[in-house]
Structures are given as structure tokens and as C-alpha cells.
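Student: Take a look at this one; I'll ask things after.
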Amino acid sequence: MEKFLEKYPGEIKELVLGSEGKKAVVAGQNTLPFHSFEGKTGQLKFALEVSDSEPTDWVPWLQEFYADVKSSPEAWAKKNAEVFGADLIFLSLNSMEKDVPAEEIAAGVKRVAEAVNVPVVVFGLGEKEKDAAVLPVVAKVCSGLNLLIGPVLKENHQEIATAALEHGHAIIAQISMDINLAKDLNIRLGKYFPLDRVVIDPLTCVAGYGLDYSYSTMERIRLSAVVYDDKTLQSPLIARVGKEAWKTKEAIQDAGKGIVWEAVTAFSLLLSGADIVTMRHPESLQRVKAMVS
Amino acid sequence: MPVKASDIQKMLPENGKKNCKECGVATCFAFAMKLVNAGITLDKCTYLSADVRLQLDDMLQPPIRQVFIGTGSRQVAIGEEEVMFRHQKTFFRAPGMALLIADGEDEESYSAKIAKIGWQFERLNKISRFDLVAISHTSTDGGKYLQLVQKVMAETDAGLILLATEPEVLLSAYEASKSRNPLVCVTDSNYAQVVPHLAKSAAVCASADGLDNLANLVGKLKEAGFANLVLDSSSGSLVELVRDQTTIHRAALLHKFRPFAFPTLFLAARVTADLEQQMLLAVAGVAKYAGIIVLDDISSENFQALLTVRQDIYTDPRVPPTVESKVYGFNEADESAAVLVTTNFALTYYAVAGEAENSKLPVFLLCQDTGGLCVLAAWSTGTFSPETIAEMVKKQAVAAKVTHKQLVIPGYVARIKGDLEEELPDWEILVGPREAVDLPKYLNELKKRRENVA
């Protein structure tokens, strides 16, 4: 059956996140997802989400689940990493919605990054002006902590990526479910930012709510990078599953369904090419992690 | 990749240059063309040796044969896929989901599982359920196996998969159920005792340890005259599942390796007894080409999620997904409900419907038929215009559903407000947010505004 196996020309380089003593390696593959029978597969990382201000829009089950820690981002992050086995902390900067000063937000990020023994992903609101104002300050205050910072959009990449580069962080390039938009933004970034320090976020739709779009977008990006050796797309991929899964009708109805929806979506997207998945419930994280390890 | 007419022609009499016209076609090449397009049958050429005829017959089969299991309205069709990745065209035939019942289980467990075969879940106007029942022989009593098969046949018309390996046990169940066109699983060790007793038209699953053994077993079955085959390579882990399914699919589609030109079966129990893990393995099977997925058991919420993923992966990416064009109500919509209008593009609908629900306020959502185009695309092509919106509002008698006369349009088409007011002079047209995520806030403000006026 050897004759049916394939070798591919492209590779996704390893991306190292985190500061000394708390590093994690993402990706590093030269084959398709789970194709360890014909090449080297990349390292998959599971992130649990923490909100930097007490979340108000999370479903009641999650609020109850994190009741003991949700008012302290550091305690919450520590519990996610140490008790629940998160490989990364995904820190949502929800305090930006309340227009907290950027310096204060950045100091909070630093406290979280220093409190945990795993790398931190820092994520803004996705509003181009606010993110462009706050994320560079986070990059500066957390200089050298080797965070993964995003989202970086076509409209604000200069401000955020330049600061991330200067202070030694990796970035998340966000586009809307289209391989050509991903290519376009990476080409722009590639002029001044190393593409192996860029993670692509093509947006995530969950099971029953457009998963097929996310699935095929990720699959196409990964095929272009690995099979067709498109250098502009040789970046790891992130699927932000938690937020989307926990706002579905199913998750609002029932905590158990939320866990299942989060798990099947995360696993489907790992099969299509995601290297990092972000989740909100440790139960779904553990189920998927047990499956892939 | 379909077979080329020129390759067929070369195998016809005198290298395809006989051109005797006895088949009723002007030339051998024209005959070959017709064969490729299934416009004529091989027996019209009387000069083919039995050997060549078999070879041609094989070449004319699709890269992956379509196999049917079961009968009537519950018949399951699998196979005849064309691409490695869904965006290259589409995946056509969703894998059949099978629930496993063992004759070693007790009565209570039987009944619980038979009840699960009756489960039905609806999503996007499509009903999904277990397609098949797989029956394994774990007791020491062959009679018990036959009884279980008969019980399942009496209680459901779902298709059957016979997994017993002992020849006498398997054959007696086959005899009892063959009118229902079951899938009969055959291995190297029971081949000699079982296969001679099966009808050549039977659906047969070749189960072997690994791909090489599987190819050999399929070769034997094909030689014995069986054509309705299903392949089971006994994958024992997630990576083996991906490896085996990918190799079989690739060999059939890209290398025309005929022993693998059949749909596959994946038995999750070979990997693990953990039901949570079995469900995730089934997700991998859905994504990676499995034709039938057999599960030991599953909870209701896991099954719904699995069926939902299956529906997503087998959605045709060439057709924009739509929802029915009608008025949807949320949060017990009554005569005070806000009235929103948008397109029937499914992703627009999901986004708006989700946020309408999140607002916790009563809402009527009008999804106007735009052929599945999103708001801006539909506006620019004229399928979402003041005229079409007004027509929908009138046709659906929206005015009778609510006591107010306020219609909220998507922020992206703010420019049509004036024209729409002319089309619907009784209505006040309000411009809503551009993004669905801003709806809850908007709807709450709208409610407050209305209360203040009152």
C-alpha cells in the first residue's frame, strides 16, 4: 500500500510561544492533519478561555462553573492551566468594552501571563480602532513575554503587528472565511513580519451553524500550504470554538449539549487543519484531547 | 475521474478498429463513447471474449461503486463519491449510522437500543436517525442470535448488518433476513463456509486485518462474482482510521485501484469501548470518507451533534444554503413583537435568529427568498429590494400579527428606507444594525423607545 502514500513539499514551521520556562510549541508539520503515516504531524494545542473582566454574556452554566474564579483573571487562568490541563490561556480583553485605560488592561494581561506556567493568547474585541489603540500597549507592557496577540485585521495590521514585532510577540491574522483574504493579509504582513510567527484565524462557525464553511476554509488553506507549497499560507491555524459554541441554541438550552457542541466542533476543525483550538469548558477540552493524544 | 472512451476502444475487437456496425453504432469509438456515458450495454458487441468483457465491465464501473443495503424507504445508498475534499465538488452520500446490538446483552439493553432506533431529529427540514442496525454474536447460543435478528426485523424496518462470525449462525440469520437485503460480514476465516451460500447479489462486507489482507479478500469475492461489496480494514485507532480511509479513497479515486472501488465500514468498538470517544471517532469517520459507521451506543445529545456534523460535511458547497422563506417567531412572539426582515441565506438566518433569541424579547423575523444570497449581494442583484420586501410583508399578512407598524431593515440596506416607505405607506421603516451581534442591544432600545411613546 506504500504506493498510495504521498510526500508533500510544504511545511508549517514550529511556532514557539511563551517566555523562558513556560514555552509551548505549536504546529511543525509537513503533512496533512493526522497523517502521521506519511509525514510529520504538527503539535496541537488546546486553550481555555479567560475573560479579563467578569463575563456577563456567558451562559449561566459557565458562570456557575467558574463562580470561584471568574472575578479574578489570574486565579481563573491558573485554574485553567493547573487543574483543567489547558496548554494555553486564551485571554479575552472584555474590559475594553468598558473603555478601561489601555495601560490598566495591559497591566492585567501581564499579571495573568506571570501567574500561569503556560503561554497566553491575548484577544481584543475585533473592533479595528479600539484594538489598534489597546493591543500595541499590551505588546509594549508585556515586552518579551512572547504572547500570541490578535486579532490583526487588514485595516489595523500596521499598528498592532509593528508593536508585536518590536516586543517579541506572535500575532493572529484574522480574515473572514476566505482563503484569498487570508493570502492577501499574509502577503501584506509578510513584508515586515515573519509569517511563521503569524497564526491565521479564518473565523469559526460551529456544528449546525455553518461548520462546513469553517471546515472547508481551513482545509483549503492547509492544502495550499502543505500540498501546493504556498509560502504565503504556511502559518498555523486557530479555531476559536468556545465563544461560538456557547452561544448556540443548544448550549443555551442545556450545559451537556454545550459541551458536546464544543467538542464536536473543535474536533472537526482539528481534522480540517486547526493547530490551536480555544474552548470554554474543560470537559469538552479533555474529551477531544484524549481523542487526539 | 471517469474512464476515457479511447481506453475502452483499445479493448474492442481488432484494437477497436473492426467497425462492424453490428451493435448499431457507426464505429467502435462511437460504441466506446456510448459505453462511457452508459448509453449502451456491453452485450451489444458479440465479439468480446469473456475475459475482456469482465475487464471492460470493471473499467466502466464508477471509481467507487454505489452499494445499497436494506429495502424500501429505509434503504441506505453509500459510495459513488468523486472527490477527496468536499470543496472540490461535494460529498454525495452521507455515511449510514448503525447502532450495534449484541445477542449477549440483556433484554433491558435490547429494548433501550431498539427504542433508540426510533429516535428522529430534524434540522433544516431534514429528518435524521439511525439508518442501520448491526447485530453481533457475543453469546454462546446461536439460536439467540437468530432470535435477536428476528426481533429487530419485527420492530424496525431499518437495514441490517450481520456481524456474527460463526458460519452456521451467520447463515441462518442471513436466510431469515435476506428478503431485507442485509449487509453480511465475511472474513478470511469464515469465507469458505459462508460465501458459497450467499446470493451473488448479496451486499457483502469484507472484513480483514489491514489493507493488504483486505485487498486480497476483495479479490476473492470479486472473482466469486460478488459486486456489492463494502470494505472494513479493522482500523484500531484514530490515525489508523484516517490512514485506512484516506488510502482506500485515494487508491480508488486517484489510482483506479479496483479492489478498493467500494464504500467502507468503520466499527468504532475496535478502537475503544468509551462511548464519548466512539462519538468523536464517528465524527472523524464522517469527515474522512467512511460509508457506514457502527457505534456500540450513544446518548441523545451526542447523536444529535454527530448527525449535525454529518449534515454540515455533506452539505453541497456549490449551492448556497437557504432556509425556508417565511415568518419565524422567537421568544414567544406575540402582537408586541419587533418585526425584522432579512434574506433567506442560511448563515444570515442563523446569525440573526441566534441574536434574536439572545435578546430575550419577542421577535418576528421575515426571511425573504433571495435564492440564498446575503443582504448586500441580494440588494445589488435586485432580489432584496423595496418591492420584494413589501410583497413579502403583504403576502405574509404581517400587519395582522402585530399591533404596531414598525419594520426593521438590515443596516446594510439603509439606503432603501425611503423607497420602502413608499411601497409600505402604513409602515414606519427603521434601520437596524449592520451586524447581527448588535441586535440584542438594538431591540432593547427599540422596546424602551416604544414604552416611552406609550
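Here's how to read the names in the C-alpha cells: chain A, B, ... by the order shown, residue numbers from 1 in each chain, ligand numbers from 1 in the order shown.
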So that I can check the surroundings of Leu35 (chain B), please list as number ranges by chain every protein, DNA and RNA residue that reaches within 12 Å of it, counting only C-alpha atoms and ignoring chain neighbours fewer than 2 positions away.

Tutor: B: 2-9, 12, 23, 25, 28-33, 37-45, 56-57, 59-61

Student: Neighbouring residues of Lys130 (chain A) were defined as those with any atom within 10 Å, considering only C-alpha atoms; residues of the same chain fewer than 4 positions away were excluded. Please report them as a PDB file with N, CA and C atoms, in the first residue's frame.

Tutor:
ATOM      1  N   MET A  96     -12.138  45.964  27.530  1.00  0.00           N
ATOM      2  CA  MET A  96     -12.102  47.025  26.517  1.00  0.00           C
ATOM      3  C   MET A  96     -13.494  47.581  26.239  1.00  0.00           C
ATOM      4  N   GLU A  97     -14.497  46.755  26.461  1.00  0.00           N
ATOM      5  CA  GLU A  97     -15.870  47.231  26.205  1.00  0.00           C
ATOM      6  C   GLU A  97     -16.248  48.349  27.159  1.00  0.00           C
ATOM      7  N   ASP A  99     -14.191  50.545  28.182  1.00  0.00           N
ATOM      8  CA  ASP A  99     -13.227  51.617  27.965  1.00  0.00           C
ATOM      9  C   ASP A  99     -12.278  51.832  29.140  1.00  0.00           C
ATOM     10  N   ALA A 102      -5.919  51.741  28.449  1.00  0.00           N
ATOM     11  CA  ALA A 102      -5.089  50.697  27.844  1.00  0.00           C
ATOM     12  C   ALA A 102      -3.992  50.213  28.797  1.00  0.00           C
ATOM     13  N   GLY A 124      -8.320  40.852  21.477  1.00  0.00           N
ATOM     14  CA  GLY A 124      -9.094  42.090  21.617  1.00  0.00           C
ATOM     15  C   GLY A 124     -10.539  41.885  21.227  1.00  0.00           C
ATOM     16  N   LEU A 125     -11.216  42.999  20.923  1.00  0.00           N
ATOM     17  CA  LEU A 125     -12.649  42.924  20.643  1.00  0.00           C
ATOM     18  C   LEU A 125     -12.957  42.627  19.189  1.00  0.00           C
ATOM     19  N   GLY A 126     -11.961  42.812  18.318  1.00  0.00           N
ATOM     20  CA  GLY A 126     -12.232  42.702  16.896  1.00  0.00           C
ATOM     21  C   GLY A 126     -12.780  44.009  16.332  1.00  0.00           C
ATOM     22  N   VAL A 134      -5.381  49.636  21.904  1.00  0.00           N
ATOM     23  CA  VAL A 134      -5.045  48.900  23.130  1.00  0.00           C
ATOM     24  C   VAL A 134      -3.942  47.850  22.914  1.00  0.00           C
ATOM     25  N   LEU A 135      -4.048  47.060  21.825  1.00  0.00           N
ATOM     26  CA  LEU A 135      -3.122  45.931  21.675  1.00  0.00           C
ATOM     27  C   LEU A 135      -1.638  46.341  21.595  1.00  0.00           C
ATOM     28  N   ASN A 156      -5.948  47.291  10.440  1.00  0.00           N
ATOM     29  CA  ASN A 156      -5.140  47.804  11.560  1.00  0.00           C
ATOM     30  C   ASN A 156      -3.840  47.029  11.761  1.00  0.00           C
TER      31      ASN A 156
END

Student: Return the neighbours of chain B among the residues of chain A, cut-off 10 Å, counting only C-alpha atoms, as a ChimeraX atom specification.

Tutor: /A:1-6,33-38,57,205-213,215-217,219-220,223,247-250,252,254,256-265,267-272,287-288,290-293

Student: By how many Å are CA of Lys13 (chain A) and CA of Gly28 (chain A) apart?

Tutor: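 Going from CA of Lys13 (chain A) over to CA of Gly28 (chain A), I get 4.5 Å.
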
Student: Can you work out the spacing between CA of Val230 (chain B) and CA of Ile117 (chain B) in Å, to one decimal?

Tutor: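 Separation between CA of Val230 (chain B) and CA of Ile117 (chain B): 22.3 Å.
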